[in-house]
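Q: final_8.pdb is the file, holding PDB, C-alpha atoms:
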ATOM      1  CA  MET A   1     -84.387 -97.581 -53.191
ATOM      2  CA  SER A   2     -83.597 -94.549 -51.078
ATOM      3  CA  TRP A   3     -85.931 -93.475 -48.272
ATOM      4  CA  VAL A   4     -86.940 -90.371 -50.246
ATOM      5  CA  ASP A   5     -87.752 -92.407 -53.365
ATOM      6  CA  ALA A   6     -89.750 -94.880 -51.310
ATOM      7  CA  GLU A   7     -91.742 -92.062 -49.679
ATOM      8  CA  LEU A   8     -92.519 -90.486 -53.052
ATOM      9  CA  GLU A   9     -93.540 -93.840 -54.486
ATOM     10  CA  ASP A  10     -95.896 -94.380 -51.569
ATOM     11  CA  SER A  11     -97.496 -91.016 -52.269
ATOM     12  CA  PHE A  12     -98.039 -91.899 -55.933
ATOM     13  CA  ASP A  13     -99.447 -95.286 -54.926
ATOM     14  CA  GLU A  14    -102.354 -93.545 -53.195
ATOM     15  CA  GLU A  15    -103.605 -92.439 -56.589
ATOM     16  CA  LEU A  16    -102.659 -95.766 -58.164
ATOM     17  CA  GLU A  17    -104.791 -97.605 -55.600
ATOM     18  CA  MET A  18    -107.806 -95.604 -56.755
ATOM     19  CA  GLU A  19    -107.042 -96.364 -60.375
ATOM     20  CA  ILE A  20    -106.640-100.076 -59.701
ATOM     21  CA  ASP A  21    -109.997-100.002 -57.927
ATOM     22  CA  ASP A  22    -111.572 -98.428 -61.008
ATOM     23  CA  GLN A  23    -110.042-101.034 -63.306
ATOM     24  CA  ARG A  24    -110.974-104.180 -61.368
ATOM     25  CA  VAL A  25    -113.530-106.216 -63.305
ATOM     26  CA  SER A  26    -115.340-109.204 -61.832
ATOM     27  CA  LYS A  27    -115.631-112.479 -63.741
ATOM     28  CA  GLU A  28    -119.392-112.077 -63.873
ATOM     29  CA  LEU A  29    -119.137-108.673 -65.528
ATOM     30  CA  ARG A  30    -116.573-109.887 -68.079
ATOM     31  CA  GLN A  31    -119.230-112.342 -69.251
ATOM     32  CA  ILE A  32    -121.933-109.673 -69.349
ATOM     33  CA  SER A  33    -120.133-107.121 -71.515
ATOM     34  CA  THR A  34    -117.674-107.538 -74.368
ATOM     35  CA  LEU A  35    -117.552-103.823 -75.180
ATOM     36  CA  ARG A  36    -114.114-102.294 -75.577
ATOM     37  CA  HIS A  37    -113.326 -99.050 -73.845
ATOM     38  CA  LYS A  38    -110.203 -96.981 -73.459
ATOM     39  CA  SER A  39    -109.618 -93.471 -72.226
ATOM     40  CA  ALA A  40    -108.509 -90.910 -74.766
ATOM     41  CA  LEU A  41    -105.652 -90.194 -72.355
ATOM     42  CA  ASP A  42    -102.803 -92.611 -71.758
ATOM     43  CA  ARG A  43    -101.980 -93.331 -68.137
ATOM     44  CA  ARG A  44     -98.682 -91.412 -68.167
ATOM     45  CA  THR A  45    -100.341 -88.249 -69.474
ATOM     46  CA  TYR A  46    -103.225 -88.620 -67.043
ATOM     47  CA  PHE A  47    -101.010 -88.945 -63.967
ATOM     48  CA  ARG A  48     -98.686 -86.161 -65.057
ATOM     49  CA  GLU A  49    -101.571 -83.736 -65.626
ATOM     50  CA  LEU A  50    -103.421 -84.817 -62.482
ATOM     51  CA  LEU A  51    -100.402 -84.181 -60.281
ATOM     52  CA  LYS A  52     -99.946 -80.748 -61.874
ATOM     53  CA  LEU A  53    -103.569 -79.873 -61.208
ATOM     54  CA  GLN A  54    -103.398 -81.159 -57.639
ATOM     55  CA  ALA A  55    -100.350 -78.977 -57.053
ATOM     56  CA  GLU A  56    -102.430 -76.025 -58.250
ATOM     57  CA  LEU A  57    -105.232 -77.067 -55.902
ATOM     58  CA  VAL A  58    -102.776 -76.789 -53.013
ATOM     59  CA  LYS A  59    -101.910 -73.252 -54.164
ATOM     60  CA  LEU A  60    -105.622 -72.489 -54.368
ATOM     61  CA  GLN A  61    -106.116 -73.814 -50.847
ATOM     62  CA  ASP A  62    -103.297 -71.640 -49.473
ATOM     63  CA  TRP A  63    -104.749 -68.589 -51.220
ATOM     64  CA  VAL A  64    -108.245 -69.318 -49.864
ATOM     65  CA  VAL A  65    -106.868 -69.394 -46.322
ATOM     66  CA  HIS A  66    -104.653 -66.351 -46.869
ATOM     67  CA  THR A  67    -107.474 -64.187 -48.280
ATOM     68  CA  ASN A  68    -110.366 -65.599 -46.189
ATOM     69  CA  TYR A  69    -112.083 -66.625 -49.415
ATOM     70  CA  LYS A  70    -115.273 -68.707 -49.264
ATOM     71  CA  LEU A  71    -115.631 -71.351 -51.970
ATOM     72  CA  LEU A  72    -118.667 -73.613 -52.367
ATOM     73  CA  VAL A  73    -118.728 -76.259 -55.095
ATOM     74  CA  ILE A  74    -121.866 -78.273 -55.860
ATOM     75  CA  PHE A  75    -121.570 -81.665 -57.566
ATOM     76  CA  GLU A  76    -124.780 -82.985 -59.138
ATOM     77  CA  GLY A  77    -125.540 -85.345 -61.992
ATOM     78  CA  ARG A  78    -126.503 -88.827 -63.035
ATOM     79  CA  ASP A  79    -125.788 -91.674 -60.643
ATOM     80  CA  ALA A  80    -122.409 -93.318 -61.406
ATOM     81  CA  ALA A  81    -121.382 -90.372 -63.590
ATOM     82  CA  GLY A  82    -118.113 -89.833 -61.701
ATOM     83  CA  LYS A  83    -118.881 -87.136 -59.113
ATOM     84  CA  GLY A  84    -117.275 -89.124 -56.309
ATOM     85  CA  GLY A  85    -114.123 -89.780 -58.321
ATOM     86  CA  VAL A  86    -113.596 -86.085 -58.985
ATOM     87  CA  ILE A  87    -114.267 -85.169 -55.358
ATOM     88  CA  LYS A  88    -111.662 -87.729 -54.252
ATOM     89  CA  ARG A  89    -109.049 -86.232 -56.564
ATOM     90  CA  VAL A  90    -109.837 -82.686 -55.466
ATOM     91  CA  THR A  91    -109.557 -83.457 -51.759
ATOM     92  CA  GLN A  92    -106.786 -86.067 -51.934
ATOM     93  CA  ARG A  93    -103.874 -83.715 -51.227
ATOM     94  CA  LEU A  94    -105.701 -80.884 -49.465
ATOM     95  CA  ASN A  95    -105.988 -80.099 -45.768
ATOM     96  CA  PRO A  96    -109.293 -81.544 -44.492
ATOM     97  CA  ARG A  97    -109.529 -78.626 -42.051
ATOM     98  CA  VAL A  98    -109.704 -76.290 -45.048
ATOM     99  CA  CYS A  99    -111.451 -78.416 -47.682
ATOM    100  CA  ARG A 100    -114.308 -80.655 -46.578
ATOM    101  CA  THR A 101    -116.960 -82.719 -48.327
ATOM    102  CA  VAL A 102    -120.623 -82.600 -47.333
ATOM    103  CA  ALA A 103    -122.807 -85.589 -48.254
ATOM    104  CA  LEU A 104    -126.012 -85.360 -46.252
ATOM    105  CA  PRO A 105    -128.213 -88.414 -45.621
ATOM    106  CA  ALA A 106    -131.965 -88.463 -46.211
ATOM    107  CA  PRO A 107    -133.699 -85.788 -44.119
ATOM    108  CA  SER A 108    -134.979 -86.735 -40.664
ATOM    109  CA  GLU A 109    -138.615 -86.227 -39.671
ATOM    110  CA  ARG A 110    -137.686 -82.941 -38.042
ATOM    111  CA  GLU A 111    -135.762 -81.768 -41.104
ATOM    112  CA  LYS A 112    -138.685 -82.603 -43.384
ATOM    113  CA  HIS A 113    -140.702 -79.875 -41.672
ATOM    114  CA  GLN A 114    -137.954 -77.231 -41.654
ATOM    115  CA  TRP A 115    -137.420 -74.531 -44.218
ATOM    116  CA  TYR A 116    -136.082 -76.591 -47.094
ATOM    117  CA  PHE A 117    -132.618 -74.965 -47.227
ATOM    118  CA  GLN A 118    -132.193 -74.977 -43.440
ATOM    119  CA  ARG A 119    -130.255 -78.218 -43.112
ATOM    120  CA  TYR A 120    -127.733 -77.095 -45.733
ATOM    121  CA  VAL A 121    -126.979 -73.699 -44.207
ATOM    122  CA  PRO A 122    -124.807 -74.978 -41.283
ATOM    123  CA  HIS A 123    -122.459 -76.603 -43.804
ATOM    124  CA  LEU A 124    -121.788 -73.489 -45.883
ATOM    125  CA  PRO A 125    -118.159 -72.315 -45.989
ATOM    126  CA  SER A 126    -116.867 -69.701 -43.619
ATOM    127  CA  ALA A 127    -113.860 -67.474 -44.314
ATOM    128  CA  GLY A 128    -110.873 -69.481 -45.510
ATOM    129  CA  GLU A 129    -112.846 -72.641 -46.302
ATOM    130  CA  ILE A 130    -113.650 -74.798 -49.320
ATOM    131  CA  VAL A 131    -116.808 -76.916 -49.149
ATOM    132  CA  LEU A 132    -117.747 -79.561 -51.716
ATOM    133  CA  PHE A 133    -121.396 -80.651 -51.731
ATOM    134  CA  ASP A 134    -121.756 -84.240 -52.946
ATOM    135  CA  ARG A 135    -125.364 -83.584 -53.954
ATOM    136  CA  SER A 136    -127.126 -80.591 -52.495
ATOM    137  CA  TRP A 137    -130.431 -78.746 -52.287
ATOM    138  CA  TYR A 138    -130.952 -79.751 -55.918
ATOM    139  CA  ASN A 139    -132.205 -83.089 -54.609
ATOM    140  CA  ARG A 140    -135.616 -81.409 -54.603
ATOM    141  CA  ALA A 141    -135.451 -80.754 -58.341
ATOM    142  CA  GLY A 142    -134.229 -84.286 -59.039
ATOM    143  CA  VAL A 143    -134.701 -87.391 -56.921
ATOM    144  CA  GLU A 144    -137.363 -85.926 -54.628
ATOM    145  CA  ARG A 145    -139.440 -84.839 -57.593
ATOM    146  CA  VAL A 146    -139.054 -88.030 -59.621
ATOM    147  CA  MET A 147    -139.637 -90.345 -56.659
ATOM    148  CA  GLY A 148    -142.627 -88.390 -55.353
ATOM    149  CA  PHE A 149    -140.980 -87.266 -52.101
ATOM    150  CA  ALA A 150    -141.913 -83.668 -52.975
ATOM    151  CA  ASN A 151    -145.179 -82.546 -54.553
ATOM    152  CA  GLU A 152    -145.431 -80.099 -57.442
ATOM    153  CA  THR A 153    -146.234 -77.196 -55.106
ATOM    154  CA  GLN A 154    -143.008 -77.824 -53.169
ATOM    155  CA  VAL A 155    -141.049 -78.136 -56.414
ATOM    156  CA  ASP A 156    -142.461 -74.841 -57.717
ATOM    157  CA  GLU A 157    -141.587 -73.144 -54.423
ATOM    158  CA  PHE A 158    -138.062 -74.520 -54.744
ATOM    159  CA  PHE A 159    -137.640 -73.132 -58.252
ATOM    160  CA  ASN A 160    -138.924 -69.761 -57.081
ATOM    161  CA  ASP A 161    -136.687 -69.706 -54.006
ATOM    162  CA  VAL A 162    -133.396 -71.225 -55.161
ATOM    163  CA  PRO A 163    -132.276 -68.384 -57.481
ATOM    164  CA  GLU A 164    -132.705 -65.808 -54.725
ATOM    165  CA  PHE A 165    -131.162 -68.147 -52.138
ATOM    166  CA  GLU A 166    -128.065 -68.533 -54.307
ATOM    167  CA  ARG A 167    -127.922 -64.801 -54.987
ATOM    168  CA  MET A 168    -127.948 -64.278 -51.224
ATOM    169  CA  LEU A 169    -125.007 -66.664 -50.886
ATOM    170  CA  VAL A 170    -123.072 -64.812 -53.562
ATOM    171  CA  ARG A 171    -123.877 -61.429 -52.012
ATOM    172  CA  SER A 172    -122.573 -62.742 -48.687
ATOM    173  CA  GLY A 173    -119.188 -63.342 -50.293
ATOM    174  CA  ILE A 174    -119.450 -67.034 -51.218
ATOM    175  CA  LYS A 175    -118.147 -68.117 -54.609
ATOM    176  CA  LEU A 176    -120.655 -70.707 -55.829
ATOM    177  CA  VAL A 177    -119.653 -73.164 -58.566
ATOM    178  CA  LYS A 178    -122.180 -75.754 -59.827
ATOM    179  CA  TYR A 179    -121.332 -78.905 -61.804
ATOM    180  CA  TRP A 180    -123.682 -81.337 -63.517
ATOM    181  CA  PHE A 181    -122.082 -84.684 -64.460
ATOM    182  CA  SER A 182    -123.532 -86.238 -67.589
ATOM    183  CA  ILE A 183    -123.238 -89.842 -68.720
ATOM    184  CA  THR A 184    -124.801 -91.982 -71.434
ATOM    185  CA  ASP A 185    -127.463 -94.580 -70.743
ATOM    186  CA  GLN A 186    -125.195 -97.461 -71.771
ATOM    187  CA  GLU A 187    -122.222 -96.259 -69.710
ATOM    188  CA  GLN A 188    -124.373 -95.900 -66.600
ATOM    189  CA  GLN A 189    -125.746 -99.415 -67.064
ATOM    190  CA  LEU A 190    -122.257-100.897 -67.249
ATOM    191  CA  ARG A 191    -121.073 -98.987 -64.173
ATOM    192  CA  PHE A 192    -124.107-100.173 -62.249
ATOM    193  CA  LEU A 193    -123.347-103.746 -63.296
ATOM    194  CA  MET A 194    -119.843-103.265 -61.935
ATOM    195  CA  ARG A 195    -121.349-102.348 -58.592
ATOM    196  CA  VAL A 196    -123.794-105.258 -58.661
ATOM    197  CA  HIS A 197    -121.032-107.824 -59.202
ATOM    198  CA  ASP A 198    -118.291-106.208 -57.106
ATOM    199  CA  PRO A 199    -118.682-106.721 -53.323
ATOM    200  CA  ILE A 200    -116.345-103.808 -52.637
ATOM    201  CA  LYS A 201    -118.587-101.443 -54.610
ATOM    202  CA  GLN A 202    -122.038-102.763 -53.751
ATOM    203  CA  TRP A 203    -122.450-100.199 -50.961
ATOM    204  CA  LYS A 204    -122.537 -97.540 -53.694
ATOM    205  CA  LEU A 205    -125.712 -99.053 -55.152
ATOM    206  CA  SER A 206    -128.746 -97.679 -53.301
ATOM    207  CA  PRO A 207    -132.442 -98.312 -54.007
ATOM    208  CA  MET A 208    -132.574 -94.795 -55.450
ATOM    209  CA  ASP A 209    -129.764 -95.712 -57.868
ATOM    210  CA  LEU A 210    -131.720 -98.724 -59.093
ATOM    211  CA  GLN A 211    -134.787 -96.582 -59.653
ATOM    212  CA  SER A 212    -132.715 -94.123 -61.663
ATOM    213  CA  ARG A 213    -132.314 -96.860 -64.294
ATOM    214  CA  VAL A 214    -136.065 -97.441 -64.481
ATOM    215  CA  ARG A 215    -136.817 -93.710 -64.576
ATOM    216  CA  TRP A 216    -134.010 -92.579 -66.879
ATOM    217  CA  GLU A 217    -136.296 -90.470 -69.052
ATOM    218  CA  ASP A 218    -138.039 -88.903 -66.050
ATOM    219  CA  TYR A 219    -134.672 -87.808 -64.686
ATOM    220  CA  THR A 220    -133.762 -86.402 -68.101
ATOM    221  CA  LYS A 221    -136.899 -84.250 -68.185
ATOM    222  CA  VAL A 222    -136.462 -82.826 -64.683
ATOM    223  CA  LYS A 223    -132.750 -82.234 -65.286
ATOM    224  CA  GLU A 224    -133.492 -80.158 -68.362
ATOM    225  CA  GLU A 225    -136.037 -78.047 -66.490
ATOM    226  CA  MET A 226    -133.707 -77.650 -63.508
ATOM    227  CA  LEU A 227    -130.827 -76.407 -65.658
ATOM    228  CA  ARG A 228    -133.128 -74.015 -67.496
ATOM    229  CA  ARG A 229    -134.696 -72.511 -64.365
ATOM    230  CA  THR A 230    -131.640 -72.330 -62.107
ATOM    231  CA  ASN A 231    -128.848 -71.305 -64.485
ATOM    232  CA  ILE A 232    -128.544 -67.758 -63.157
ATOM    233  CA  PRO A 233    -125.700 -65.341 -64.008
ATOM    234  CA  GLU A 234    -124.527 -65.282 -60.392
ATOM    235  CA  ALA A 235    -124.174 -69.088 -60.312
ATOM    236  CA  THR A 236    -124.138 -70.776 -63.691
ATOM    237  CA  TRP A 237    -124.160 -74.515 -64.333
ATOM    238  CA  SER A 238    -121.191 -76.259 -65.951
ATOM    239  CA  ILE A 239    -121.777 -79.680 -67.526
ATOM    240  CA  VAL A 240    -119.032 -82.295 -67.261
ATOM    241  CA  GLU A 241    -119.078 -85.127 -69.794
ATOM    242  CA  GLY A 242    -118.423 -88.173 -67.630
ATOM    243  CA  ASN A 243    -118.135 -91.162 -69.965
ATOM    244  CA  ASP A 244    -114.333 -90.928 -69.905
ATOM    245  CA  LYS A 245    -113.481 -90.810 -66.206
ATOM    246  CA  LYS A 246    -109.920 -89.597 -66.598
ATOM    247  CA  ARG A 247    -110.790 -86.745 -68.914
ATOM    248  CA  ALA A 248    -113.767 -85.792 -66.732
ATOM    249  CA  ARG A 249    -111.550 -85.515 -63.655
ATOM    250  CA  LEU A 250    -108.921 -83.407 -65.354
ATOM    251  CA  ASN A 251    -111.420 -81.183 -67.153
ATOM    252  CA  CYS A 252    -113.462 -80.544 -64.028
ATOM    253  CA  ILE A 253    -110.462 -79.720 -61.820
ATOM    254  CA  HIS A 254    -108.989 -77.492 -64.523
ATOM    255  CA  HIS A 255    -112.285 -75.637 -64.846
ATOM    256  CA  LEU A 256    -112.647 -75.271 -61.082
ATOM    257  CA  LEU A 257    -109.199 -73.690 -60.850
ATOM    258  CA  SER A 258    -110.182 -71.231 -63.578
ATOM    259  CA  GLN A 259    -113.181 -70.039 -61.546
ATOM    260  CA  VAL A 260    -111.088 -68.567 -58.720
ATOM    261  CA  PRO A 261    -108.591 -65.705 -59.131
ATOM    262  CA  TYR A 262    -106.007 -67.375 -56.908
ATOM    263  CA  GLU A 263    -102.283 -66.790 -56.977
ATOM    264  CA  GLU A 264     -99.332 -68.320 -55.198
ATOM    265  CA  VAL A 265     -99.023 -67.157 -51.621
ATOM    266  CA  PRO A 266     -95.472 -66.436 -50.408
ATOM    267  CA  HIS A 267     -94.404 -68.644 -47.513
ATOM    268  CA  GLU A 268     -91.727 -68.177 -44.923
ATOM    269  CA  PRO A 269     -89.026 -70.813 -45.359
ATOM    270  CA  VAL A 270     -89.594 -73.766 -43.054
ATOM    271  CA  GLU A 271     -86.678 -75.051 -41.008
ATOM    272  CA  LEU A 272     -86.846 -78.249 -39.026
ATOM    273  CA  PRO A 273     -85.658 -77.590 -35.455
ATOM    274  CA  GLU A 274     -83.097 -79.833 -33.820
ATOM    275  CA  ARG A 275     -84.430 -82.531 -31.550
ATOM    276  CA  VAL A 276     -83.802 -81.881 -27.853
ATOM    277  CA  PHE A 277     -82.096 -84.752 -26.035
ATOM    278  CA  ASN A 278     -82.389 -85.184 -22.289
ATOM    279  CA  PRO A 279     -79.604 -87.460 -20.971
ATOM    280  CA  ASP A 280     -81.672 -88.251 -17.867
ATOM    281  CA  TYR A 281     -84.712 -89.495 -19.784
ATOM    282  CA  GLU A 282     -85.274 -93.252 -20.046
ATOM    283  CA  ARG A 283     -87.914 -94.508 -22.413
ATOM    284  CA  THR A 284     -90.520 -96.779 -20.840
ATOM    285  CA  VAL A 285     -90.867-100.271 -22.297
ATOM    286  CA  LEU A 286     -94.544-100.783 -23.125
ATOM    287  CA  PRO A 287     -96.295-104.172 -22.869
ATOM    288  CA  LYS A 288     -96.340-106.169 -26.110
ATOM    289  CA  GLU A 289    -100.123-106.585 -25.984
ATOM    290  CA  LEU A 290    -100.521-102.865 -26.688
ATOM    291  CA  TYR A 291     -99.066-103.235 -30.162
ATOM    292  CA  VAL A 292    -100.975-104.203 -33.299
ATOM    293  CA  PRO A 293     -99.903-107.719 -34.404
ATOM    294  CA  GLU A 294     -97.508-107.637 -37.361
ATOM    295  CA  VAL A 295     -99.425-109.973 -39.667
ATOM    296  CA  TYR A 296     -97.759-108.545 -42.810
TER     297      TYR A 296
END
Show how you would write the structure in this file as structure tokens.

A:
Amino acid sequence: MSWVDAELEDSFDEELEMEIDDQRVSKELRQISTLRHKSALDRRTYFRELLKLQAELVKLQDWVVHTNYKLLVIFEGRDAAGKGGVIKRVTQRLNPRVCRTVALPAPSEREKHQWYFQRYVPHLPSAGEIVLFDRSWYNRAGVERVMGFANETQVDEFFNDVPEFERMLVRSGIKLVKYWFSITDQEQQLRFLMRVHDPIKQWKLSPMDLQSRVRWEDYTKVKEEMLRRTNIPEATWSIVEGNDKKRARLNCIHHLLSQVPYEEVPHEPVELPERVFNPDYERTVLPKELYVPEVY
């Protein structure tokens, strides 16, 4: 294999590693479920389309920087519905200085007494930036409401405030895109079981995730009210069907690209300069203990 082929293969393997991770099934889970499941897309089609879309994302990124555009994308939805998988594919080939993901922890004591939106404001995009919120201020309409972390007065204030808050963002020049990831009860249960029996994925299973199984219907009710009260013309919701992970990723990225009027930005041709050699320079031999042991 040539060096170029090997380098390209390594690049493709980054995506393949993610796919292998998705496909690993523990022995315990094989005994729990005998259900058959296959994506409507074959692997070849999926990878071909994903790479096309990721190439378009790079063009979008260049255009965002070139035009000083401000893009904010909110990812909400059921636990285990595939938000993280889409975010990974969006950011995988983009410049982290341009496109960053925000996933805030539970609020501190100080943050609990701030204006509710205050802790999100510092993370909003500036000119030439793309920001992806892996959950957002909509926590108040979802988990905080269901789990009793916010009372009904606070929830009502949120519903009154959030439309105007988002209109302010849009008026300031931010393009706001909001996604809700949907998943069936059975599919969520199986994905949670994967996390229970897979040590590599157990960190994804929080106490709040476990409660989301118990309170499935409560989350359904608050989701329906949230979508109804916050689906404003300036920032509409878009629902992503998440049962088929591959299709959800492609559909969401395709839709995201359609929300921005980007175009290819012309670039000056890049030429690699010649390396400068100094005949008087002698490279220092470093001690062996500085190097990482070559175990593989």

Q: For a test of reading the model, state the distance in Å between CA of Gln188 in chain A and CA of Ile200 in chain A, rounded to one decimal.

A: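 Between CA of Gln188 in chain A and CA of Ile200 in chain A the gap is 17.9 Å.
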
Q: Selected by the PyMOL selection byres ((chain A and resi 135) around 7) in the shown coordinates: which residues, as a PDB file with C-alpha atoms, in the coordinates of the input?

A:
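New file out35.pdb:
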ATOM      1  CA  ILE A  74    -121.866 -78.273 -55.860  1.00  0.00           C
ATOM      2  CA  PHE A  75    -121.570 -81.665 -57.566  1.00  0.00           C
ATOM      3  CA  GLU A  76    -124.780 -82.985 -59.138  1.00  0.00           C
ATOM      4  CA  ALA A 103    -122.807 -85.589 -48.254  1.00  0.00           C
ATOM      5  CA  PHE A 133    -121.396 -80.651 -51.731  1.00  0.00           C
ATOM      6  CA  ASP A 134    -121.756 -84.240 -52.946  1.00  0.00           C
ATOM      7  CA  SER A 136    -127.126 -80.591 -52.495  1.00  0.00           C
ATOM      8  CA  ASN A 139    -132.205 -83.089 -54.609  1.00  0.00           C
TER       9      ASN A 139
END

Q: Under the PyMOL selection byres ((chain A and resi 79-91) around 8), which residues of this model are included? Write them out as a ChimeraX atom specification.

A: /A:54,57,75-78,92-96,99-101,132,134,181-183,188,191-192,209,212,242-243,245,248-249,252-253

Q: Kindly export the residues of the current selection with C-alpha atoms, as a PDB file, keeping the file's coordinate frame.

A:
ATOM      1  CA  GLN A  54    -103.398 -81.159 -57.639  1.00  0.00           C
ATOM      2  CA  LEU A  57    -105.232 -77.067 -55.902  1.00  0.00           C
ATOM      3  CA  PHE A  75    -121.570 -81.665 -57.566  1.00  0.00           C
ATOM      4  CA  GLU A  76    -124.780 -82.985 -59.138  1.00  0.00           C
ATOM      5  CA  GLY A  77    -125.540 -85.345 -61.992  1.00  0.00           C
ATOM      6  CA  ARG A  78    -126.503 -88.827 -63.035  1.00  0.00           C
ATOM      7  CA  GLN A  92    -106.786 -86.067 -51.934  1.00  0.00           C
ATOM      8  CA  ARG A  93    -103.874 -83.715 -51.227  1.00  0.00           C
ATOM      9  CA  LEU A  94    -105.701 -80.884 -49.465  1.00  0.00           C
ATOM     10  CA  ASN A  95    -105.988 -80.099 -45.768  1.00  0.00           C
ATOM     11  CA  PRO A  96    -109.293 -81.544 -44.492  1.00  0.00           C
ATOM     12  CA  CYS A  99    -111.451 -78.416 -47.682  1.00  0.00           C
ATOM     13  CA  ARG A 100    -114.308 -80.655 -46.578  1.00  0.00           C
ATOM     14  CA  THR A 101    -116.960 -82.719 -48.327  1.00  0.00           C
ATOM     15  CA  LEU A 132    -117.747 -79.561 -51.716  1.00  0.00           C
ATOM     16  CA  ASP A 134    -121.756 -84.240 -52.946  1.00  0.00           C
ATOM     17  CA  PHE A 181    -122.082 -84.684 -64.460  1.00  0.00           C
ATOM     18  CA  SER A 182    -123.532 -86.238 -67.589  1.00  0.00           C
ATOM     19  CA  ILE A 183    -123.238 -89.842 -68.720  1.00  0.00           C
ATOM     20  CA  GLN A 188    -124.373 -95.900 -66.600  1.00  0.00           C
ATOM     21  CA  ARG A 191    -121.073 -98.987 -64.173  1.00  0.00           C
ATOM     22  CA  PHE A 192    -124.107-100.173 -62.249  1.00  0.00           C
ATOM     23  CA  ASP A 209    -129.764 -95.712 -57.868  1.00  0.00           C
ATOM     24  CA  SER A 212    -132.715 -94.123 -61.663  1.00  0.00           C
ATOM     25  CA  GLY A 242    -118.423 -88.173 -67.630  1.00  0.00           C
ATOM     26  CA  ASN A 243    -118.135 -91.162 -69.965  1.00  0.00           C
ATOM     27  CA  LYS A 245    -113.481 -90.810 -66.206  1.00  0.00           C
ATOM     28  CA  ALA A 248    -113.767 -85.792 -66.732  1.00  0.00           C
ATOM     29  CA  ARG A 249    -111.550 -85.515 -63.655  1.00  0.00           C
ATOM     30  CA  CYS A 252    -113.462 -80.544 -64.028  1.00  0.00           C
ATOM     31  CA  ILE A 253    -110.462 -79.720 -61.820  1.00  0.00           C
TER      32      ILE A 253
END

Q: From the options A:Gly128, A:Val265, A:Glu152, A:Ile239, which residue's atoms come nearest to Leu227 in chain A, counting all atoms listed in the file?

A: A:Ile239

Q: Hey, which of A:Asp62, A:Asp244, A:Glu187, A:Asp156 ends up closest to Tyr46 in chain A? Count all atoms listed in the file.

A: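 Ranked by minimum distance to Tyr46 in chain A, first place goes to A:Asp244.
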
Q: One number please: CA of Val73 in chain A to CA of Arg97 in chain A, in Å, one decimal.

A: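 CA of Arg97 in chain A lies at a distance of 16.1 Å from CA of Val73 in chain A.
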
Q: Between CA of Ala235 in chain A and CA of Lys175 in chain A, what is the distance in Å, rounded to a tenth?

A: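 Taking CA of Ala235 in chain A and CA of Lys175 in chain A, their separation equals 8.4 Å.
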
Q: Here is a test: counting all atoms listed in the file, which residue of A:Trp137, A:Trp203, A:Phe117, A:Trp63 is nearest to Lys178 in chain A?

A: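 Distance minimum relative to Lys178 in chain A lands on A:Trp137.
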
Q: Which residues come within 9 Å of Thr236 in chain A, counting all atoms listed in the file, excluding same-chain residues fewer than 4 positions away, as a short mmCIF file (atom, residue, chain, number, x, y, z; two decimals) with C-alpha atoms, in the frame of the given file?

A:
data_model
loop_
_atom_site.label_atom_id
_atom_site.label_comp_id
_atom_site.auth_asym_id
_atom_site.auth_seq_id
_atom_site.Cartn_x
_atom_site.Cartn_y
_atom_site.Cartn_z
CA LEU A 176 -120.66 -70.71 -55.83
CA VAL A 177 -119.65 -73.16 -58.57
CA LYS A 178 -122.18 -75.75 -59.83
CA TYR A 179 -121.33 -78.90 -61.80
CA LEU A 227 -130.83 -76.41 -65.66
CA THR A 230 -131.64 -72.33 -62.11
CA ASN A 231 -128.85 -71.31 -64.48
CA ILE A 232 -128.54 -67.76 -63.16
#

Q: Considering all atoms listed in the file, state which residue in the set A:Val102, A:Phe47, A:His66, A:Leu41 is at the smallest distance from Tyr262 in chain A.

A: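 Looking only at the distances to Tyr262 in chain A, the closest residue turns out to be A:His66.
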
Q: Quick one: of A:Lys221, A:Phe159, A:Ile130, A:Phe165, who's nearest to Gln118 in chain A, counting all atoms listed in the file?

A: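 The shortest atom-to-atom distance to Gln118 in chain A comes from A:Phe165.
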
Q: Run the PyMOL selection byres ((chain A and resi 67) around 12) against the file shown and list the residues it catches, as a VMD selection string.

A: chain A and resid 60 to 66 68 to 71 126 to 129 173 260 to 265

Q: Give the answer as one residue: which of A:Phe149, A:Trp216, A:Trp115, A:Tyr138 has the shortest atom-to-atom distance to Glu166 in chain A, using only C-alpha atoms?

A: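 Closest to Glu166 in chain A, using only C-alpha atoms: A:Tyr138.
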
Q: Please, could N, CA and C atoms be added to range 264-269 of chain A and the result written as a PDB file, keeping the file's coordinate frame?

A:
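Contents of part-v9.pdb, freshly written:
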ATOM      1  N   GLU A 264    -100.197 -67.662 -56.181  1.00  0.00           N
ATOM      2  CA  GLU A 264     -99.332 -68.320 -55.198  1.00  0.00           C
ATOM      3  C   GLU A 264     -99.067 -67.384 -54.027  1.00  0.00           C
ATOM      4  N   VAL A 265     -99.225 -67.936 -52.841  1.00  0.00           N
ATOM      5  CA  VAL A 265     -99.023 -67.157 -51.621  1.00  0.00           C
ATOM      6  C   VAL A 265     -97.589 -67.353 -51.146  1.00  0.00           C
ATOM      7  N   PRO A 266     -96.853 -66.275 -50.899  1.00  0.00           N
ATOM      8  CA  PRO A 266     -95.472 -66.436 -50.408  1.00  0.00           C
ATOM      9  C   PRO A 266     -95.457 -67.061 -49.017  1.00  0.00           C
ATOM     10  N   HIS A 267     -94.526 -67.969 -48.809  1.00  0.00           N
ATOM     11  CA  HIS A 267     -94.404 -68.644 -47.513  1.00  0.00           C
ATOM     12  C   HIS A 267     -93.028 -68.367 -46.916  1.00  0.00           C
ATOM     13  N   GLU A 268     -93.007 -68.255 -45.618  1.00  0.00           N
ATOM     14  CA  GLU A 268     -91.727 -68.177 -44.923  1.00  0.00           C
ATOM     15  C   GLU A 268     -91.022 -69.527 -45.048  1.00  0.00           C
ATOM     16  N   PRO A 269     -89.733 -69.529 -45.271  1.00  0.00           N
ATOM     17  CA  PRO A 269     -89.026 -70.813 -45.359  1.00  0.00           C
ATOM     18  C   PRO A 269     -89.164 -71.610 -44.065  1.00  0.00           C
TER      19      PRO A 269
END
